[in-house]
$ cat coords_0.pdb   # PDB, C-alpha atoms and all ligand atoms
ATOM      1  CA  MET A 278      -5.302  -1.399 -21.458  1.00  0.00           C
ATOM      2  CA  THR A 279      -4.619   0.477 -18.246  1.00  0.00           C
ATOM      3  CA  THR A 280      -5.920  -0.483 -14.814  1.00  0.00           C
ATOM      4  CA  SER A 281      -7.735   2.178 -12.791  1.00  0.00           C
ATOM      5  CA  LEU A 282      -6.175   2.693  -9.376  1.00  0.00           C
ATOM      6  CA  GLY A 283      -7.655   4.276  -6.246  1.00  0.00           C
ATOM      7  CA  ILE A 284      -5.168   5.366  -3.593  1.00  0.00           C
ATOM      8  CA  VAL A 285      -6.188   5.395   0.068  1.00  0.00           C
ATOM      9  CA  SER A 286      -3.675   7.092   2.351  1.00  0.00           C
ATOM     10  CA  SER A 287      -3.319   8.679   5.775  1.00  0.00           C
ATOM     11  CA  GLY A 288       0.150  10.045   5.300  1.00  0.00           C
ATOM     12  CA  ARG A 289       2.829  11.846   3.401  1.00  0.00           C
ATOM     13  CA  GLY A 290       2.016  10.150   0.127  1.00  0.00           C
ATOM     14  CA  GLU A 291       5.603   9.626  -1.044  1.00  0.00           C
ATOM     15  CA  ASN A 292       4.734   6.165  -2.374  1.00  0.00           C
ATOM     16  CA  LEU A 293       1.946   7.829  -4.333  1.00  0.00           C
ATOM     17  CA  ARG A 294       4.483  10.211  -5.887  1.00  0.00           C
ATOM     18  CA  TYR A 295       6.596   7.308  -7.164  1.00  0.00           C
ATOM     19  CA  ILE A 296       3.529   5.440  -8.445  1.00  0.00           C
ATOM     20  CA  LEU A 297       2.419   8.571 -10.331  1.00  0.00           C
ATOM     21  CA  GLN A 298       5.914   9.081 -11.755  1.00  0.00           C
ATOM     22  CA  GLU A 299       5.961   5.508 -13.057  1.00  0.00           C
ATOM     23  CA  GLU A 300       2.486   6.011 -14.529  1.00  0.00           C
ATOM     24  CA  GLN A 301       3.568   9.202 -16.277  1.00  0.00           C
ATOM     25  CA  SER A 302       6.721   7.597 -17.667  1.00  0.00           C
ATOM     26  CA  GLY A 303       4.521   4.965 -19.321  1.00  0.00           C
ATOM     27  CA  ARG A 304       6.191   2.111 -17.416  1.00  0.00           C
ATOM     28  CA  LEU A 305       3.132   1.350 -15.288  1.00  0.00           C
ATOM     29  CA  PRO A 306       0.023   0.270 -17.211  1.00  0.00           C
ATOM     30  CA  ALA A 307      -2.244   2.002 -14.716  1.00  0.00           C
ATOM     31  CA  GLN A 308      -3.906   5.307 -14.026  1.00  0.00           C
ATOM     32  CA  VAL A 309      -4.514   6.762 -10.581  1.00  0.00           C
ATOM     33  CA  LYS A 310      -8.137   7.893 -10.758  1.00  0.00           C
ATOM     34  CA  ILE A 311      -8.626   9.166  -7.226  1.00  0.00           C
ATOM     35  CA  VAL A 312      -6.782   9.741  -3.937  1.00  0.00           C
ATOM     36  CA  LEU A 313      -8.763   9.416  -0.704  1.00  0.00           C
ATOM     37  CA  THR A 314      -7.557  10.232   2.766  1.00  0.00           C
ATOM     38  CA  ASP A 315      -8.856  10.329   6.334  1.00  0.00           C
ATOM     39  CA  GLN A 316      -6.483  13.191   7.257  1.00  0.00           C
ATOM     40  CA  PRO A 317      -7.366  16.751   6.141  1.00  0.00           C
ATOM     41  CA  ASP A 318      -3.692  17.742   5.882  1.00  0.00           C
ATOM     42  CA  ALA A 319      -2.338  14.536   4.325  1.00  0.00           C
ATOM     43  CA  GLY A 320       0.654  15.054   2.059  1.00  0.00           C
ATOM     44  CA  ALA A 321      -1.043  12.639  -0.342  1.00  0.00           C
ATOM     45  CA  LEU A 322      -3.617  15.345  -1.165  1.00  0.00           C
ATOM     46  CA  LYS A 323      -0.883  17.824  -2.101  1.00  0.00           C
ATOM     47  CA  ILE A 324       0.822  15.258  -4.306  1.00  0.00           C
ATOM     48  CA  ALA A 325      -2.500  14.415  -5.970  1.00  0.00           C
ATOM     49  CA  LYS A 326      -2.967  18.115  -6.738  1.00  0.00           C
ATOM     50  CA  GLU A 327       0.571  18.390  -8.095  1.00  0.00           C
ATOM     51  CA  PHE A 328      -0.185  15.565 -10.538  1.00  0.00           C
ATOM     52  CA  CYS A 329      -3.720  16.824 -11.334  1.00  0.00           C
ATOM     53  CA  VAL A 330      -5.415  13.763  -9.831  1.00  0.00           C
ATOM     54  CA  PRO A 331      -8.697  14.251  -7.912  1.00  0.00           C
ATOM     55  CA  GLY A 332      -8.115  14.055  -4.163  1.00  0.00           C
ATOM     56  CA  ASN A 333     -10.709  13.923  -1.387  1.00  0.00           C
ATOM     57  CA  PHE A 334     -10.558  14.150   2.373  1.00  0.00           C
ATOM     58  CA  ILE A 335     -13.265  11.896   3.783  1.00  0.00           C
ATOM     59  CA  ASP A 336     -13.985  12.976   7.336  1.00  0.00           C
ATOM     60  CA  PRO A 337     -14.183  10.003   9.702  1.00  0.00           C
ATOM     61  CA  THR A 338     -15.641  12.012  12.610  1.00  0.00           C
ATOM     62  CA  ASN A 339     -18.634  10.301  14.240  1.00  0.00           C
ATOM     63  CA  LEU A 340     -18.724   7.512  11.668  1.00  0.00           C
ATOM     64  CA  ARG A 341     -18.559   3.820  12.482  1.00  0.00           C
ATOM     65  CA  ARG A 342     -15.942   1.886  10.515  1.00  0.00           C
ATOM     66  CA  GLU A 343     -18.513   0.313   8.153  1.00  0.00           C
ATOM     67  CA  GLU A 344     -20.176   3.681   7.538  1.00  0.00           C
ATOM     68  CA  TYR A 345     -16.841   5.275   6.752  1.00  0.00           C
ATOM     69  CA  ASP A 346     -15.814   2.458   4.450  1.00  0.00           C
ATOM     70  CA  LYS A 347     -19.154   2.705   2.637  1.00  0.00           C
ATOM     71  CA  LYS A 348     -18.258   6.309   1.817  1.00  0.00           C
ATOM     72  CA  LEU A 349     -14.862   5.204   0.553  1.00  0.00           C
ATOM     73  CA  ILE A 350     -16.503   2.583  -1.663  1.00  0.00           C
ATOM     74  CA  THR A 351     -18.919   5.186  -3.086  1.00  0.00           C
ATOM     75  CA  HIS A 352     -16.015   7.434  -4.114  1.00  0.00           C
ATOM     76  CA  LEU A 353     -13.913   4.576  -5.462  1.00  0.00           C
ATOM     77  CA  GLU A 354     -16.806   3.161  -7.483  1.00  0.00           C
ATOM     78  CA  ALA A 355     -17.720   6.577  -8.887  1.00  0.00           C
ATOM     79  CA  ALA A 356     -14.120   6.901 -10.090  1.00  0.00           C
ATOM     80  CA  GLY A 357     -14.244   3.453 -11.720  1.00  0.00           C
ATOM     81  CA  VAL A 358     -11.471   2.043  -9.545  1.00  0.00           C
ATOM     82  CA  GLU A 359     -10.449  -1.560 -10.258  1.00  0.00           C
ATOM     83  CA  LEU A 360      -7.510  -1.903  -7.866  1.00  0.00           C
ATOM     84  CA  VAL A 361      -7.234  -0.224  -4.449  1.00  0.00           C
ATOM     85  CA  ILE A 362      -3.736   0.773  -3.330  1.00  0.00           C
ATOM     86  CA  LEU A 363      -3.140   1.528   0.358  1.00  0.00           C
ATOM     87  CA  THR A 364      -0.166   3.779   1.075  1.00  0.00           C
ATOM     88  CA  GLY A 365       0.322   4.401   4.770  1.00  0.00           C
ATOM     89  CA  TYR A 366      -3.401   4.027   5.493  1.00  0.00           C
ATOM     90  CA  MET A 367      -3.636   3.758   9.254  1.00  0.00           C
ATOM     91  CA  ARG A 368      -7.259   2.695   9.700  1.00  0.00           C
ATOM     92  CA  ILE A 369      -8.309  -0.938   9.760  1.00  0.00           C
ATOM     93  CA  LEU A 370     -10.631  -1.739   6.869  1.00  0.00           C
ATOM     94  CA  SER A 371     -14.032  -3.251   7.609  1.00  0.00           C
ATOM     95  CA  PRO A 372     -14.738  -6.835   6.455  1.00  0.00           C
ATOM     96  CA  GLN A 373     -17.396  -5.330   4.154  1.00  0.00           C
ATOM     97  CA  PHE A 374     -14.774  -3.220   2.359  1.00  0.00           C
ATOM     98  CA  VAL A 375     -12.346  -6.134   2.070  1.00  0.00           C
ATOM     99  CA  ARG A 376     -15.089  -8.387   0.653  1.00  0.00           C
ATOM    100  CA  HIS A 377     -16.219  -5.707  -1.799  1.00  0.00           C
ATOM    101  CA  TYR A 378     -12.703  -5.510  -3.264  1.00  0.00           C
ATOM    102  CA  LYS A 379     -11.720  -9.117  -2.537  1.00  0.00           C
ATOM    103  CA  GLY A 380      -8.248  -9.802  -3.965  1.00  0.00           C
ATOM    104  CA  ARG A 381      -8.114  -6.249  -5.346  1.00  0.00           C
ATOM    105  CA  ILE A 382      -6.559  -4.315  -2.451  1.00  0.00           C
ATOM    106  CA  LEU A 383      -2.778  -3.999  -2.099  1.00  0.00           C
ATOM    107  CA  ASN A 384      -0.941  -2.711   0.971  1.00  0.00           C
ATOM    108  CA  ILE A 385       2.684  -1.905   1.690  1.00  0.00           C
ATOM    109  CA  HIS A 386       4.138  -2.701   5.098  1.00  0.00           C
ATOM    110  CA  PRO A 387       7.639  -1.616   6.187  1.00  0.00           C
ATOM    111  CA  ALA A 388       8.928  -5.049   7.307  1.00  0.00           C
ATOM    112  CA  LEU A 389       9.329  -8.548   5.937  1.00  0.00           C
ATOM    113  CA  LEU A 390       5.986 -10.043   6.923  1.00  0.00           C
ATOM    114  CA  PRO A 391       5.065 -12.052   8.917  1.00  0.00           C
ATOM    115  CA  SER A 392       7.680 -10.306  11.105  1.00  0.00           C
ATOM    116  CA  PHE A 393       6.805  -7.047  12.810  1.00  0.00           C
ATOM    117  CA  ARG A 394       3.151  -6.651  11.934  1.00  0.00           C
ATOM    118  CA  GLY A 395       1.284  -3.611  13.253  1.00  0.00           C
ATOM    119  CA  MET A 396       2.559  -0.232  14.306  1.00  0.00           C
ATOM    120  CA  ASP A 397       6.149   1.041  14.095  1.00  0.00           C
ATOM    121  CA  ALA A 398       7.798  -1.881  12.356  1.00  0.00           C
ATOM    122  CA  PHE A 399      11.105   0.070  12.421  1.00  0.00           C
ATOM    123  CA  SER A 400      11.321   0.108  16.232  1.00  0.00           C
ATOM    124  CA  GLN A 401      10.192  -3.507  16.379  1.00  0.00           C
ATOM    125  CA  ALA A 402      13.047  -4.537  14.041  1.00  0.00           C
ATOM    126  CA  LEU A 403      15.641  -2.491  15.952  1.00  0.00           C
ATOM    127  CA  GLU A 404      14.486  -3.835  19.323  1.00  0.00           C
ATOM    128  CA  TYR A 405      14.499  -7.421  18.109  1.00  0.00           C
ATOM    129  CA  GLY A 406      18.027  -7.015  16.739  1.00  0.00           C
ATOM    130  CA  VAL A 407      17.418  -8.481  13.279  1.00  0.00           C
ATOM    131  CA  LYS A 408      20.149  -8.021  10.677  1.00  0.00           C
ATOM    132  CA  TRP A 409      17.659  -7.789   7.832  1.00  0.00           C
ATOM    133  CA  THR A 410      14.235  -6.269   7.561  1.00  0.00           C
ATOM    134  CA  GLY A 411      12.579  -4.761   4.495  1.00  0.00           C
ATOM    135  CA  THR A 412       9.270  -4.091   2.869  1.00  0.00           C
ATOM    136  CA  THR A 413       6.323  -6.269   1.867  1.00  0.00           C
ATOM    137  CA  ILE A 414       3.569  -5.646  -0.640  1.00  0.00           C
ATOM    138  CA  HIS A 415       0.633  -7.931   0.037  1.00  0.00           C
ATOM    139  CA  ILE A 416      -3.011  -8.454  -0.801  1.00  0.00           C
ATOM    140  CA  VAL A 417      -5.267  -7.223   1.977  1.00  0.00           C
ATOM    141  CA  ASP A 418      -7.484  -9.776   3.678  1.00  0.00           C
ATOM    142  CA  GLU A 419      -9.634  -9.450   6.803  1.00  0.00           C
ATOM    143  CA  ASP A 420      -6.653  -9.729   9.175  1.00  0.00           C
ATOM    144  CA  VAL A 421      -4.120  -6.893   9.662  1.00  0.00           C
ATOM    145  CA  ASP A 422      -0.822  -7.150   7.690  1.00  0.00           C
ATOM    146  CA  HIS A 423      -1.666 -10.723   6.795  1.00  0.00           C
ATOM    147  CA  GLY A 424      -2.842 -11.410   3.221  1.00  0.00           C
ATOM    148  CA  PRO A 425      -0.933 -13.266   0.469  1.00  0.00           C
ATOM    149  CA  ILE A 426       2.437 -11.740  -0.399  1.00  0.00           C
ATOM    150  CA  VAL A 427       2.961 -10.149  -3.813  1.00  0.00           C
ATOM    151  CA  TYR A 428       6.558  -8.963  -3.432  1.00  0.00           C
ATOM    152  CA  GLN A 429       9.214  -8.457  -0.757  1.00  0.00           C
ATOM    153  CA  LYS A 430      12.471  -6.537  -0.762  1.00  0.00           C
ATOM    154  CA  PRO A 431      14.994  -7.135   2.023  1.00  0.00           C
ATOM    155  CA  VAL A 432      16.901  -4.193   3.517  1.00  0.00           C
ATOM    156  CA  PRO A 433      19.915  -4.551   5.851  1.00  0.00           C
ATOM    157  CA  VAL A 434      19.921  -3.218   9.403  1.00  0.00           C
ATOM    158  CA  LEU A 435      23.279  -1.570  10.127  1.00  0.00           C
ATOM    159  CA  GLU A 436      24.991  -1.597  13.511  1.00  0.00           C
ATOM    160  CA  ASN A 437      24.634   2.120  14.184  1.00  0.00           C
ATOM    161  CA  ASP A 438      21.136   2.470  12.716  1.00  0.00           C
ATOM    162  CA  THR A 439      18.672   4.798  14.394  1.00  0.00           C
ATOM    163  CA  HIS A 440      14.927   4.701  13.903  1.00  0.00           C
ATOM    164  CA  GLU A 441      15.262   7.492  11.347  1.00  0.00           C
ATOM    165  CA  SER A 442      18.144   5.981   9.361  1.00  0.00           C
ATOM    166  CA  LEU A 443      16.458   2.579   9.147  1.00  0.00           C
ATOM    167  CA  LYS A 444      13.118   4.138   8.219  1.00  0.00           C
ATOM    168  CA  ALA A 445      14.776   6.169   5.439  1.00  0.00           C
ATOM    169  CA  ARG A 446      16.535   3.059   4.024  1.00  0.00           C
ATOM    170  CA  ILE A 447      13.334   1.000   4.044  1.00  0.00           C
ATOM    171  CA  GLN A 448      11.288   3.797   2.515  1.00  0.00           C
ATOM    172  CA  ARG A 449      13.836   4.261  -0.294  1.00  0.00           C
ATOM    173  CA  ALA A 450      13.357   0.570  -1.069  1.00  0.00           C
ATOM    174  CA  GLU A 451       9.568   0.994  -0.948  1.00  0.00           C
ATOM    175  CA  TYR A 452       9.542   3.694  -3.621  1.00  0.00           C
ATOM    176  CA  LYS A 453      10.935   1.189  -6.148  1.00  0.00           C
ATOM    177  CA  ALA A 454       9.184  -1.880  -4.767  1.00  0.00           C
ATOM    178  CA  TYR A 455       5.584  -0.650  -4.785  1.00  0.00           C
ATOM    179  CA  PRO A 456       5.373   0.407  -8.464  1.00  0.00           C
ATOM    180  CA  LYS A 457       7.196  -2.814  -9.395  1.00  0.00           C
ATOM    181  CA  ALA A 458       4.751  -4.962  -7.401  1.00  0.00           C
ATOM    182  CA  ILE A 459       1.723  -3.138  -8.840  1.00  0.00           C
ATOM    183  CA  LYS A 460       3.079  -3.633 -12.373  1.00  0.00           C
ATOM    184  CA  MET A 461       3.681  -7.366 -11.786  1.00  0.00           C
ATOM    185  CA  PHE A 462       0.227  -7.747 -10.254  1.00  0.00           C
ATOM    186  CA  ILE A 463      -1.541  -5.969 -13.115  1.00  0.00           C
ATOM    187  CA  GLU A 464       0.402  -7.564 -15.947  1.00  0.00           C
ATOM    188  CA  GLU A 465       0.588 -11.118 -14.669  1.00  0.00           C
ATOM    189  CA  LYS A 466      -2.795 -11.365 -12.954  1.00  0.00           C
ATOM    190  CA  PRO A 467      -1.684 -13.974 -10.406  1.00  0.00           C
ATOM    191  CA  LYS A 468      -4.290 -16.386  -9.064  1.00  0.00           C
ATOM    192  CA  ILE A 469      -4.729 -16.554  -5.298  1.00  0.00           C
ATOM    193  CA  SER A 470      -4.327 -20.046  -3.910  1.00  0.00           C
ATOM    194  CA  GLY A 471      -4.625 -20.019  -0.118  1.00  0.00           C
ATOM    195  CA  ARG A 472      -1.747 -17.892   1.166  1.00  0.00           C
ATOM    196  CA  LYS A 473       0.105 -18.016  -2.133  1.00  0.00           C
ATOM    197  CA  LEU A 474      -0.050 -16.282  -5.456  1.00  0.00           C
ATOM    198  CA  VAL A 475       0.325 -18.424  -8.537  1.00  0.00           C
ATOM    199  CA  TRP A 476       2.140 -16.432 -11.190  1.00  0.00           C
ATOM    200  CA  GLN A 477       1.683 -17.024 -14.888  1.00  0.00           C
ATOM    201  CA  ARG A 478       5.403 -16.563 -15.424  1.00  0.00           C
ATOM    202  CA  GLU A 479       8.477 -17.105 -13.309  1.00  0.00           C
ATOM    203  CA  GLU A 480       8.485 -14.849 -10.202  1.00  0.00           C
ATOM    204  CA  LYS A 481      11.023 -11.985 -10.315  1.00  0.00           C
TER     205      LYS A 481
HETATM  206  C1  LIG A 501       5.277   3.565   4.286  1.00  0.00           C
HETATM  207  O1  LIG A 501       6.551   3.416   4.858  1.00  0.00           O
HETATM  208  C2  LIG A 501       4.457   2.320   4.499  1.00  0.00           C
HETATM  209  O2  LIG A 501       5.210   1.144   4.489  1.00  0.00           O
HETATM  210  C3  LIG A 501       3.886   2.571   5.861  1.00  0.00           C
HETATM  211  O3  LIG A 501       3.562   3.945   5.868  1.00  0.00           O
HETATM  212  C4  LIG A 501       4.474   4.631   5.034  1.00  0.00           C
HETATM  213  C5  LIG A 501       3.692   5.519   4.107  1.00  0.00           C
HETATM  214  O4  LIG A 501       4.513   6.431   3.495  1.00  0.00           O
HETATM  215  N1  LIG A 501       2.714   1.767   6.071  1.00  0.00           N
HETATM  216  C6  LIG A 501       2.377   1.234   7.244  1.00  0.00           C
HETATM  217  O5  LIG A 501       3.053   1.370   8.243  1.00  0.00           O
HETATM  218  C7  LIG A 501       1.093   0.418   7.224  1.00  0.00           C
HETATM  219  N2  LIG A 501       1.069  -0.500   8.284  1.00  0.00           N
HETATM  220  P1  LIG A 501       3.932   7.456   2.419  1.00  0.00           P
HETATM  221  O6  LIG A 501       2.666   8.076   2.980  1.00  0.00           O
HETATM  222  O7  LIG A 501       5.001   8.471   2.254  1.00  0.00           O
HETATM  223  O8  LIG A 501       3.657   6.692   1.154  1.00  0.00           O
END
$ encode --input "coords_0.pdb" --output "structure tokens" --more "lines below"
Ligand code: GAR
Amino acid sequence: MTTSLGIVSSGRGENLRYILQEEQSGRLPAQVKIVLTDQPDAGALKIAKEFCVPGNFIDPTNLRREEYDKKLITHLEAAGVELVILTGYMRILSPQFVRHYKGRILNIHPALLPSFRGMDAFSQALEYGVKWTGTTIHIVDEDVDHGPIVYQKPVPVLENDTHESLKARIQRAEYKAYPKAIKMFIEEKPKISGRKLVWQREEK
């Protein structure tokens, strides 16, 4: 049995590429059914095309958040999506959307949450002077960068790091971490207990 995924992205879509590669290799028991974006020129749309996955730009102009999210839901439902995967989606989801897919939306954030929530986690880490940062895959709840954590991967901050070098190191880690977290989530169906996930087997 494969799980139907819907990708929602505002950006380059590199995480999407790695998810699709894992799907095609047969290592990920999932199928990306649709890619939705709020940016007409999002790289995610090009990657979707490359992999022959339907991709749609949903224009947010003049729409309130709930109206926009209703459109997203219509597309995701029509595609039979069971699990929503956010990859660099820069809009805040409405409570209605989060409730509709309660416990079935994953997001990736480029820091070890709860540190450095919000925008530009790379600059936040560099300015704070941490020695380690990383990436977090978490379930989306009604607060930003907040829901229960599925998986984290630490990444070192080096002395001469620039914004670009740190970003590149974290994003390399993300390309492995996201497919791994999605696979764990689908296969082990963890229960949500408050802020924690209860795994059927030992956590990896
Ligand atoms: C990723 O680094 C992801 O962690 C970040 O956007 C990038 C998307 O890259 N997400 C956020 O900052 C969300 N708060 P991609 O479009 O190439 O997959």
$ resolve_selection --input "coords_0.pdb" --expression "the PyMOL selection byres (((chain A and resi 311-317) around 6) and not hetatm)" --output "CSV table (one decimal) with C-alpha atoms, in the frame of the given file"
chain,number,residue,atom,x,y,z
A,283,GLY,CA,-7.7,4.3,-6.2
A,284,ILE,CA,-5.2,5.4,-3.6
A,285,VAL,CA,-6.2,5.4,0.1
A,286,SER,CA,-3.7,7.1,2.4
A,287,SER,CA,-3.3,8.7,5.8
A,309,VAL,CA,-4.5,6.8,-10.6
A,310,LYS,CA,-8.1,7.9,-10.8
A,318,ASP,CA,-3.7,17.7,5.9
A,319,ALA,CA,-2.3,14.5,4.3
A,331,PRO,CA,-8.7,14.3,-7.9
A,332,GLY,CA,-8.1,14.1,-4.2
A,333,ASN,CA,-10.7,13.9,-1.4
A,334,PHE,CA,-10.6,14.2,2.4
A,335,ILE,CA,-13.3,11.9,3.8
A,336,ASP,CA,-14.0,13.0,7.3
$ closest_atom_pairs --input "coords_0.pdb" --of "chain A" --to "ligand LIG 501 (chain A)" --cutoff "10 Å" --atoms "all atoms listed in the file" --output "CSV"
residue,atom,partner,partner_atom,distance
A:Val285,CA,A:LIG501,O6,9.7
A:Ser286,CA,A:LIG501,O6,6.4
A:Ser287,CA,A:LIG501,O6,6.6
A:Gly288,CA,A:LIG501,O6,3.9
A:Arg289,CA,A:LIG501,O6,3.8
A:Gly290,CA,A:LIG501,O6,3.6
A:Glu291,CA,A:LIG501,O7,3.5
A:Asn292,CA,A:LIG501,O8,3.7
A:Leu293,CA,A:LIG501,O8,5.9
A:Arg294,CA,A:LIG501,O8,7.9
A:Tyr295,CA,A:LIG501,O8,8.8
A:Ile296,CA,A:LIG501,O8,9.7
A:Ala319,CA,A:LIG501,O6,8.3
A:Gly320,CA,A:LIG501,O6,7.3
A:Ala321,CA,A:LIG501,O6,6.8
A:Leu363,CA,A:LIG501,C7,8.1
A:Thr364,CA,A:LIG501,O8,4.8
A:Gly365,CA,A:LIG501,O3,3.5
A:Tyr366,CA,A:LIG501,C7,6.0
A:Met367,CA,A:LIG501,C7,6.1
A:Arg368,CA,A:LIG501,C7,9.0
A:Ile369,CA,A:LIG501,N2,9.5
A:Asn384,CA,A:LIG501,C7,7.3
A:Ile385,CA,A:LIG501,O2,4.8
A:His386,CA,A:LIG501,O2,4.0
A:Pro387,CA,A:LIG501,O2,4.0
A:Ala388,CA,A:LIG501,O2,7.8
A:Phe393,CA,A:LIG501,N2,9.8
A:Arg394,CA,A:LIG501,N2,7.4
A:Gly395,CA,A:LIG501,N2,5.9
A:Met396,CA,A:LIG501,N2,6.2
A:Asp397,CA,A:LIG501,O5,6.6
A:Ala398,CA,A:LIG501,O5,7.1
A:Phe399,CA,A:LIG501,O5,9.2
A:Gly411,CA,A:LIG501,O2,9.4
A:Thr412,CA,A:LIG501,O2,6.8
A:Thr413,CA,A:LIG501,O2,7.9
A:Ile414,CA,A:LIG501,O2,8.7
A:Val421,CA,A:LIG501,N2,8.3
A:Asp422,CA,A:LIG501,N2,6.9
A:Lys444,CA,A:LIG501,O1,7.4
A:Ala445,CA,A:LIG501,O1,8.7
A:Ile447,CA,A:LIG501,O1,7.2
A:Gln448,CA,A:LIG501,O1,5.3
A:Arg449,CA,A:LIG501,O1,9.0
A:Ala450,CA,A:LIG501,O1,9.5
A:Glu451,CA,A:LIG501,O2,7.0
A:Tyr452,CA,A:LIG501,O8,8.1
A:Tyr455,CA,A:LIG501,O2,9.5
$ residues_around --input "coords_0.pdb" --residues "Arg472 of chain A" --least-positions-apart "2" --cutoff "9 Å" --atoms "all atoms listed in the file" --output "number ranges by chain"
A: 424-426, 469-470, 474
$ closest_residue --input "coords_0.pdb" --among "A:Glu300, A:Glu464, A:Glu419, A:Glu404" --to "Trp476 of chain A" --atoms "only C-alpha atoms"
A:Glu464
$ atom_distance --input "coords_0.pdb" --atom1 "atom CA of Val417 of chain A" --atom2 "atom CA of Leu403 of chain A"
25.6 Å
$ axis_aligned_box --input "coords_0.pdb" --around "segment 405-419 of chain A" --padding-each-side "4 Å" --output "lines of an AutoDock Vina configuration file"
center_x = 5.3
center_y = -6.9
center_z = 8.7
size_x = 37.8
size_y = 13.7
size_z = 26.9
$ atom_distance --input "coords_0.pdb" --atom1 "atom CA of Thr280 of chain A" --atom2 "atom CA of Val432 of chain A"
29.5 Å
$ resolve_selection --input "coords_0.pdb" --expression "the PyMOL selection byres (((chain A and resi 346) around 8) and not hetatm)" --output "PyMOL selection string"
chain A and resi 342-345+347-350+370-371+373-374
$ closest_residue --input "coords_0.pdb" --among "A:Leu390, A:Leu340, A:Pro456, A:Phe462" --to "Gly303 of chain A" --atoms "all atoms listed in the file"
A:Pro456
$ closest_residue --input "coords_0.pdb" --among "A:Ile382, A:Leu297, A:Ala307, A:Ala402" --to "His440 of chain A" --atoms "only C-alpha atoms"
A:Ala402
$ closest_residue --input "coords_0.pdb" --among "A:Thr279, A:Gln301, A:Asn437, A:Gln429" --to "Lys408 of chain A" --atoms "all atoms listed in the file"
A:Asn437
$ build_atoms --input "coords_0.pdb" --residues "segment 398-410 of chain A" --atoms "N, CA, C and O atoms" --output "PDB file, keeping the file's coordinate frame"
ATOM      1  N   ALA A 398       6.990  -0.705  12.706  1.00  0.00           N
ATOM      2  CA  ALA A 398       7.798  -1.881  12.356  1.00  0.00           C
ATOM      3  C   ALA A 398       9.298  -1.581  12.454  1.00  0.00           C
ATOM      4  O   ALA A 398      10.100  -2.503  12.639  1.00  0.00           O
ATOM      5  N   PHE A 399       9.678  -0.298  12.350  1.00  0.00           N
ATOM      6  CA  PHE A 399      11.105   0.070  12.421  1.00  0.00           C
ATOM      7  C   PHE A 399      11.629  -0.175  13.837  1.00  0.00           C
ATOM      8  O   PHE A 399      12.678  -0.803  14.031  1.00  0.00           O
ATOM      9  N   SER A 400      10.902   0.319  14.835  1.00  0.00           N
ATOM     10  CA  SER A 400      11.321   0.108  16.232  1.00  0.00           C
ATOM     11  C   SER A 400      11.288  -1.369  16.573  1.00  0.00           C
ATOM     12  O   SER A 400      12.181  -1.865  17.267  1.00  0.00           O
ATOM     13  N   GLN A 401      10.281  -2.066  16.085  1.00  0.00           N
ATOM     14  CA  GLN A 401      10.192  -3.507  16.379  1.00  0.00           C
ATOM     15  C   GLN A 401      11.434  -4.228  15.855  1.00  0.00           C
ATOM     16  O   GLN A 401      12.012  -5.071  16.547  1.00  0.00           O
ATOM     17  N   ALA A 402      11.866  -3.879  14.645  1.00  0.00           N
ATOM     18  CA  ALA A 402      13.047  -4.537  14.041  1.00  0.00           C
ATOM     19  C   ALA A 402      14.304  -4.191  14.832  1.00  0.00           C
ATOM     20  O   ALA A 402      15.140  -5.063  15.109  1.00  0.00           O
ATOM     21  N   LEU A 403      14.446  -2.913  15.200  1.00  0.00           N
ATOM     22  CA  LEU A 403      15.641  -2.491  15.952  1.00  0.00           C
ATOM     23  C   LEU A 403      15.674  -3.168  17.314  1.00  0.00           C
ATOM     24  O   LEU A 403      16.725  -3.647  17.758  1.00  0.00           O
ATOM     25  N   GLU A 404      14.527  -3.232  17.989  1.00  0.00           N
ATOM     26  CA  GLU A 404      14.486  -3.835  19.323  1.00  0.00           C
ATOM     27  C   GLU A 404      14.761  -5.332  19.279  1.00  0.00           C
ATOM     28  O   GLU A 404      15.421  -5.881  20.161  1.00  0.00           O
ATOM     29  N   TYR A 405      14.300  -5.970  18.212  1.00  0.00           N
ATOM     30  CA  TYR A 405      14.499  -7.421  18.109  1.00  0.00           C
ATOM     31  C   TYR A 405      15.950  -7.757  17.767  1.00  0.00           C
ATOM     32  O   TYR A 405      16.463  -8.825  18.073  1.00  0.00           O
ATOM     33  N   GLY A 406      16.617  -6.804  17.094  1.00  0.00           N
ATOM     34  CA  GLY A 406      18.027  -7.015  16.739  1.00  0.00           C
ATOM     35  C   GLY A 406      18.230  -7.799  15.456  1.00  0.00           C
ATOM     36  O   GLY A 406      19.288  -8.413  15.264  1.00  0.00           O
ATOM     37  N   VAL A 407      17.236  -7.765  14.546  1.00  0.00           N
ATOM     38  CA  VAL A 407      17.418  -8.481  13.279  1.00  0.00           C
ATOM     39  C   VAL A 407      18.491  -7.793  12.432  1.00  0.00           C
ATOM     40  O   VAL A 407      18.750  -6.596  12.589  1.00  0.00           O
ATOM     41  N   LYS A 408      19.119  -8.566  11.579  1.00  0.00           N
ATOM     42  CA  LYS A 408      20.149  -8.021  10.677  1.00  0.00           C
ATOM     43  C   LYS A 408      19.543  -7.588   9.348  1.00  0.00           C
ATOM     44  O   LYS A 408      20.148  -6.855   8.583  1.00  0.00           O
ATOM     45  N   TRP A 409      18.366  -8.146   9.058  1.00  0.00           N
ATOM     46  CA  TRP A 409      17.659  -7.789   7.832  1.00  0.00           C
ATOM     47  C   TRP A 409      16.189  -7.519   8.151  1.00  0.00           C
ATOM     48  O   TRP A 409      15.592  -8.233   8.951  1.00  0.00           O
ATOM     49  N   THR A 410      15.671  -6.480   7.539  1.00  0.00           N
ATOM     50  CA  THR A 410      14.235  -6.269   7.561  1.00  0.00           C
ATOM     51  C   THR A 410      13.851  -5.918   6.118  1.00  0.00           C
ATOM     52  O   THR A 410      14.473  -6.483   5.217  1.00  0.00           O
TER      53      THR A 410
END
